[in-house]
Amino acid sequence: MIELKSPREDFSKLLPAALRDDFPILQQVVHDEHPLVFLDNAASTQRPRQVIEVLRRVYERDYANVHRGIHTLSERSTEQYEDAREKAREFIGAEKALEVIFTSGSTAGINLVARSWGDANVHAGDEIIVTTMEHHSNLVPWQQLAERSGAVLKHIPITDDGQLVLESLDSLLTERTKLVAVASVSNVLGTINPVADIARRAHAVGAVVLVDAAQSVPHYPTNVRELGADFLAFSGHKMLAPTGIGVLYGREQLLDAMPPFLGGGSMINRVWLDRFTPAELPAKFEAGTPPIAPAIALGAAIDYLNRIGLVNISRHEHELCRYAYARLREIEGLRILGPGPDERAGLLSFTLPEPHAHDIAQLLDERGIAVRAGHHCTWPLHDRLGISASTRASFYLYNTPAEVDLLAEVLAEIRERFRPKGRKRAAGPGKRP
């Protein structure tokens with residue numbers, strides 16, 4: 001396993017091949033002969049040995065319910081659970097640990113805000129603003145809130161190259177705007193949105209800002225106070241941690257005023273037969289037995305990412321994406337969705353004239369390459385782009401230029417295989433022999 005001396009150690013000196021030794025799942029072949037090339041990281045990442053070992057240690061040595069038991073195992077679990085909360089607080093630059101709510105993931109965090117803060121603060125005639133590029137998890141909860149409350153849902157449009165039309169905010173933002181919900185990075189386009197600027201303008205009219213940071217927190221440094229986020233949600237499984245654990249950040253003032261979302265154990269201070277009083281933050285929003293071991297493993301994943309350094313990871317992914325962008329553009333007829341390589345995060349979604357995106361993914365899988373195909377939970381965005389589906393390759397710290405080369409080569413073969421009969425490949429500059 002690779003050991004890093006400090007977070008500032010130059011990642012460019014560490015070959016991703018060396019980092020790959022930390023990931024057991026990557027040390028395999030698929031379909032009997034092809035080394036696994038995992039390029040589906042925007043959906044979910046893999047776990048290093050360091051995280052797996054922490055998860056195993058918790059279950060083998062330390063596991064018990066937290067905050068409740070007056071015995072050694074409960075005290076161990078509680079200490080590690082709350083230590084993970086502090087690591088998450090520091091990771092996103094929150095002011096207080098009580099502003100970090102453990103959830104099952106980004107979707108759960110966004111729905112918590114929609115049900116608790118939304119139902120208490122959004123009423124008929126109020127306005128909610130989202131963007132055209134949102135994941136369904138940051139769209140459907142607001143559609144449901146609008147239906148329950150009678151609020152009006154508005155949308156920030158996008159340009160043909162996948163950028164937000166920020167000028168539209170001048171007319172969209174009004175004194176009736178209660179919430180602006182925006183993804184920091186599009187899970188399809190890779191577009192990096194100017195969240196701080198959007199938040200500044202939203203706050204000027206008194207609106208609250210929620211950031212879906214599922215595609216940004218794992219990849220580059222995040223500071224919720226610098227972003228101006230009132231709420232921010234992300235998922236552990238997209239940043240080397242287990243599934244079933246996520247974080248909702250909320251400003252203390254907002255969380256304190258919100259009613260509990262779920263009822264049950266842990267979220268109460270006192271219960272009578274006809275009423276209850278809620279617990280203090282963060283327990284108020286963590287009803288029932290929490291995801292104890294996954295939360296502790298999230299802390300281990302944060303440790304791992306911090307040892308490498310988010311700046312280094314971001315730089316590596318950016319260079320890998322730039323290289324992939326150039327290689328895939330060499331393939332005749334391949335359309336890359338979204339902005340240019342300098343304005344995107346480390347993922348590329350694309351289409352070919354033939355075959356369908358699902359067939360492309362299956363053919364890539366036959367060569368050991370794992371990608372995502374479909375509408376990626378962004379149906380309205382695909383409607384806006386005039387397509388029914390796309391194929392997505394997404395990168396993380398363990399991916400290599402050699403894997404990008406293989407992706408490009410296999411896509412070129414697929415393109416040739418499905419080229420209409422009688423058409424010859426067009427010659428042009430930059431074509432590889």
# chains A, B, ... in the order shown; residues from 1 in each chain; ligands from 1
>>> residues_around(residues="stretch 107-113 of chain A", least_positions_apart="4", cutoff="12 Å", atoms="only C-alpha atoms", output="PyMOL selection string")
chain A and resi 100-103+117-122+135-145+179+181-183+208-214+230-236+244-251+254-255+257-262+284-287+377
>>> write_last_selection(atoms="C-alpha atoms", output="tab-separated table (two decimals), in the first residue's frame")
chain	number	residue	atom	x	y	z
A	100	VAL	CA	-22.88	17.91	9.73
A	101	ILE	CA	-25.84	15.55	9.49
A	102	PHE	CA	-25.12	11.93	8.54
A	103	THR	CA	-27.57	10.61	5.94
A	117	TRP	CA	-37.13	23.20	5.62
A	118	GLY	CA	-39.28	23.24	2.49
A	119	ASP	CA	-42.59	22.29	4.06
A	120	ALA	CA	-42.04	24.83	6.82
A	121	ASN	CA	-40.94	27.74	4.64
A	122	VAL	CA	-42.29	27.41	1.09
A	135	HIS	CA	-29.83	15.18	-11.45
A	136	HIS	CA	-33.31	13.88	-10.70
A	137	SER	CA	-32.33	13.85	-7.01
A	138	ASN	CA	-32.07	17.65	-7.10
A	139	LEU	CA	-35.15	18.09	-9.26
A	140	VAL	CA	-37.90	15.68	-8.24
A	141	PRO	CA	-37.89	16.67	-4.51
A	142	TRP	CA	-38.52	20.28	-5.55
A	143	GLN	CA	-41.24	19.23	-7.98
A	144	GLN	CA	-42.88	17.38	-5.09
A	145	LEU	CA	-42.49	20.40	-2.81
A	179	LEU	CA	-34.75	28.54	-2.73
A	181	ALA	CA	-30.92	24.48	-5.84
A	182	VAL	CA	-27.90	23.86	-8.06
A	183	ALA	CA	-25.37	21.13	-8.77
A	208	VAL	CA	-31.67	30.02	0.54
A	209	VAL	CA	-29.12	28.05	-1.53
A	210	LEU	CA	-28.80	24.26	-1.65
A	211	VAL	CA	-25.80	22.72	-3.43
A	212	ASP	CA	-25.79	19.19	-4.78
A	213	ALA	CA	-22.07	18.55	-4.37
A	214	ALA	CA	-22.06	14.81	-5.11
A	230	ASP	CA	-26.86	27.23	3.13
A	231	PHE	CA	-27.23	23.49	2.55
A	232	LEU	CA	-24.83	21.13	0.79
A	233	ALA	CA	-25.17	17.38	0.20
A	234	PHE	CA	-22.71	14.70	-0.88
A	235	SER	CA	-22.35	10.91	-0.87
A	236	GLY	CA	-19.64	8.72	0.60
A	244	GLY	CA	-25.29	4.01	2.65
A	245	ILE	CA	-23.46	7.01	4.10
A	246	GLY	CA	-23.64	10.65	3.09
A	247	VAL	CA	-23.53	14.12	4.57
A	248	LEU	CA	-25.96	16.99	4.64
A	249	TYR	CA	-24.38	20.25	5.70
A	250	GLY	CA	-26.72	22.96	6.91
A	251	ARG	CA	-26.12	26.33	8.52
A	254	LEU	CA	-31.42	27.01	9.55
A	255	LEU	CA	-31.10	23.50	10.99
A	257	ALA	CA	-35.26	26.21	13.21
A	258	MET	CA	-36.25	23.17	11.12
A	259	PRO	CA	-38.62	20.49	12.46
A	260	PRO	CA	-37.34	16.90	12.61
A	261	PHE	CA	-37.87	14.94	9.39
A	262	LEU	CA	-38.04	11.40	10.80
A	284	LYS	CA	-32.40	15.90	15.80
A	285	PHE	CA	-32.03	14.72	12.18
A	286	GLU	CA	-30.47	11.29	12.81
A	287	ALA	CA	-33.43	9.17	13.89
A	377	CYS	CA	-30.92	10.38	-14.04
>>> select_by_dssp(residues="stretch 41-258 of chain A", states="strand (DSSP E)", output="ChimeraX atom specification")
/A:100-103,127-131,152-156,177-183,208-212,231-235,246-250
>>> write_last_selection(atoms="N, CA and C atoms", output="JSON list (two decimals), in the first residue's frame")
[["chain", "number", "residue", "atom", "x", "y", "z"],
["A", 100, "VAL", "N", -23.09, 19.09, 10.57],
["A", 100, "VAL", "CA", -22.88, 17.91, 9.73],
["A", 100, "VAL", "C", -23.88, 16.84, 10.14],
["A", 101, "ILE", "N", -24.82, 16.56, 9.25],
["A", 101, "ILE", "CA", -25.84, 15.55, 9.49],
["A", 101, "ILE", "C", -25.49, 14.32, 8.66],
["A", 102, "PHE", "N", -25.35, 13.17, 9.29],
["A", 102, "PHE", "CA", -25.12, 11.93, 8.54],
["A", 102, "PHE", "C", -26.44, 11.45, 7.95],
["A", 103, "THR", "N", -26.41, 11.12, 6.66],
["A", 103, "THR", "CA", -27.57, 10.61, 5.94],
["A", 103, "THR", "C", -27.14, 9.35, 5.19],
["A", 127, "GLU", "N", -41.40, 30.84, -4.98],
["A", 127, "GLU", "CA", -40.68, 30.35, -6.16],
["A", 127, "GLU", "C", -39.44, 29.55, -5.77],
["A", 128, "ILE", "N", -39.21, 28.47, -6.51],
["A", 128, "ILE", "CA", -38.03, 27.62, -6.36],
["A", 128, "ILE", "C", -37.31, 27.62, -7.70],
["A", 129, "ILE", "N", -36.00, 27.83, -7.67],
["A", 129, "ILE", "CA", -35.21, 27.86, -8.91],
["A", 129, "ILE", "C", -34.24, 26.69, -8.92],
["A", 130, "VAL", "N", -34.27, 25.91, -10.00],
["A", 130, "VAL", "CA", -33.30, 24.85, -10.23],
["A", 130, "VAL", "C", -32.70, 25.08, -11.62],
["A", 131, "THR", "N", -31.81, 24.20, -12.04],
["A", 131, "THR", "CA", -31.23, 24.33, -13.38],
["A", 131, "THR", "C", -31.69, 23.18, -14.26],
["A", 152, "VAL", "N", -44.05, 27.84, -7.28],
["A", 152, "VAL", "CA", -43.75, 27.84, -8.72],
["A", 152, "VAL", "C", -42.30, 27.38, -8.90],
["A", 153, "LEU", "N", -42.08, 26.41, -9.78],
["A", 153, "LEU", "CA", -40.74, 25.91, -10.06],
["A", 153, "LEU", "C", -40.22, 26.57, -11.33],
["A", 154, "LYS", "N", -39.05, 27.20, -11.24],
["A", 154, "LYS", "CA", -38.42, 27.85, -12.38],
["A", 154, "LYS", "C", -37.09, 27.17, -12.69],
["A", 155, "HIS", "N", -36.59, 27.40, -13.92],
["A", 155, "HIS", "CA", -35.40, 26.69, -14.36],
["A", 155, "HIS", "C", -34.40, 27.65, -15.01],
["A", 156, "ILE", "N", -33.14, 27.53, -14.60],
["A", 156, "ILE", "CA", -32.06, 28.25, -15.28],
["A", 156, "ILE", "C", -31.71, 27.46, -16.53],
["A", 177, "THR", "N", -38.62, 34.43, -4.50],
["A", 177, "THR", "CA", -37.72, 33.29, -4.58],
["A", 177, "THR", "C", -37.34, 32.85, -3.16],
["A", 178, "LYS", "N", -37.63, 31.60, -2.84],
["A", 178, "LYS", "CA", -37.31, 31.06, -1.52],
["A", 178, "LYS", "C", -36.08, 30.17, -1.54],
["A", 179, "LEU", "N", -35.84, 29.50, -2.67],
["A", 179, "LEU", "CA", -34.75, 28.54, -2.73],
["A", 179, "LEU", "C", -34.14, 28.50, -4.13],
["A", 180, "VAL", "N", -32.81, 28.40, -4.19],
["A", 180, "VAL", "CA", -32.10, 28.09, -5.43],
["A", 180, "VAL", "C", -31.33, 26.81, -5.17],
["A", 181, "ALA", "N", -31.59, 25.77, -5.98],
["A", 181, "ALA", "CA", -30.92, 24.48, -5.84],
["A", 181, "ALA", "C", -30.09, 24.23, -7.10],
["A", 182, "VAL", "N", -28.79, 23.97, -6.91],
["A", 182, "VAL", "CA", -27.90, 23.86, -8.06],
["A", 182, "VAL", "C", -26.83, 22.81, -7.80],
["A", 183, "ALA", "N", -26.49, 22.06, -8.84],
["A", 183, "ALA", "CA", -25.37, 21.13, -8.77],
["A", 183, "ALA", "C", -24.07, 21.89, -8.95],
["A", 208, "VAL", "N", -32.56, 31.03, -0.02],
["A", 208, "VAL", "CA", -31.67, 30.02, 0.54],
["A", 208, "VAL", "C", -31.07, 29.21, -0.62],
["A", 209, "VAL", "N", -29.82, 28.76, -0.46],
["A", 209, "VAL", "CA", -29.12, 28.05, -1.53],
["A", 209, "VAL", "C", -28.76, 26.64, -1.08],
["A", 210, "LEU", "N", -29.19, 25.66, -1.87],
["A", 210, "LEU", "CA", -28.80, 24.26, -1.65],
["A", 210, "LEU", "C", -27.89, 23.82, -2.79],
["A", 211, "VAL", "N", -26.78, 23.19, -2.44],
["A", 211, "VAL", "CA", -25.80, 22.72, -3.43],
["A", 211, "VAL", "C", -25.76, 21.20, -3.42],
["A", 212, "ASP", "N", -26.01, 20.62, -4.58],
["A", 212, "ASP", "CA", -25.79, 19.19, -4.78],
["A", 212, "ASP", "C", -24.32, 19.02, -5.16],
["A", 231, "PHE", "N", -27.21, 24.94, 2.43],
["A", 231, "PHE", "CA", -27.23, 23.49, 2.55],
["A", 231, "PHE", "C", -26.30, 22.93, 1.47],
["A", 232, "LEU", "N", -25.69, 21.79, 1.77],
["A", 232, "LEU", "CA", -24.83, 21.13, 0.79],
["A", 232, "LEU", "C", -24.86, 19.64, 1.09],
["A", 233, "ALA", "N", -25.05, 18.83, 0.03],
["A", 233, "ALA", "CA", -25.17, 17.38, 0.20],
["A", 233, "ALA", "C", -24.14, 16.66, -0.65],
["A", 234, "PHE", "N", -23.60, 15.56, -0.08],
["A", 234, "PHE", "CA", -22.71, 14.70, -0.88],
["A", 234, "PHE", "C", -22.78, 13.28, -0.36],
["A", 235, "SER", "N", -22.24, 12.34, -1.14],
["A", 235, "SER", "CA", -22.35, 10.91, -0.87],
["A", 235, "SER", "C", -20.98, 10.29, -0.65],
["A", 246, "GLY", "N", -23.79, 9.36, 3.76],
["A", 246, "GLY", "CA", -23.64, 10.65, 3.09],
["A", 246, "GLY", "C", -23.68, 11.74, 4.13],
["A", 247, "VAL", "N", -23.55, 12.96, 3.67],
["A", 247, "VAL", "CA", -23.53, 14.12, 4.57],
["A", 247, "VAL", "C", -24.46, 15.20, 4.03],
["A", 248, "LEU", "N", -25.25, 15.74, 4.92],
["A", 248, "LEU", "CA", -25.96, 16.99, 4.64],
["A", 248, "LEU", "C", -25.36, 18.05, 5.54],
["A", 249, "TYR", "N", -24.79, 19.07, 4.94],
["A", 249, "TYR", "CA", -24.38, 20.25, 5.70],
["A", 249, "TYR", "C", -25.53, 21.24, 5.68],
["A", 250, "GLY", "N", -25.76, 21.87, 6.84],
["A", 250, "GLY", "CA", -26.72, 22.96, 6.91],
["A", 250, "GLY", "C", -26.24, 24.01, 7.88]]
>>> closest_atom_pairs(of="stretch 309-360 of chain A", to="stretch 383-389 of chain A", cutoff="10 Å", atoms="only C-alpha atoms", output="JSON lines")
{"residue": "A:Leu337", "atom": "CA", "partner": "A:Leu385", "partner_atom": "CA", "distance": 8.5}
{"residue": "A:Gly338", "atom": "CA", "partner": "A:Leu385", "partner_atom": "CA", "distance": 9.7}
{"residue": "A:Ser349", "atom": "CA", "partner": "A:Ala389", "partner_atom": "CA", "distance": 9.7}
{"residue": "A:Phe350", "atom": "CA", "partner": "A:Ala389", "partner_atom": "CA", "distance": 9.1}
{"residue": "A:Thr351", "atom": "CA", "partner": "A:Ala389", "partner_atom": "CA", "distance": 7.9}
{"residue": "A:His356", "atom": "CA", "partner": "A:Ala389", "partner_atom": "CA", "distance": 7.7}
{"residue": "A:Ala357", "atom": "CA", "partner": "A:Ala389", "partner_atom": "CA", "distance": 6.1}
{"residue": "A:His358", "atom": "CA", "partner": "A:Ala389", "partner_atom": "CA", "distance": 8.2}
>>> select_by_dssp(residues="stretch 220-423 of chain A", states="alpha helix (DSSP H)", output="number ranges by chain")
A: 224-227, 252-257, 292-308, 310-329, 357-365, 379-385, 401-417
>>> atom_distance(atom1="atom CA of A:Leu328", atom2="atom CA of A:Trp379")
24.1 Å
>>> residues_around(residues="A:Leu164", least_positions_apart="5", cutoff="10 Å", atoms="only C-alpha atoms", output="list in words")
Thr131, Thr132, Met133, Ile156, Pro157, Ile158, Thr159, Leu169, Thr191, Ile192, Asn193 and Pro194 of chain A
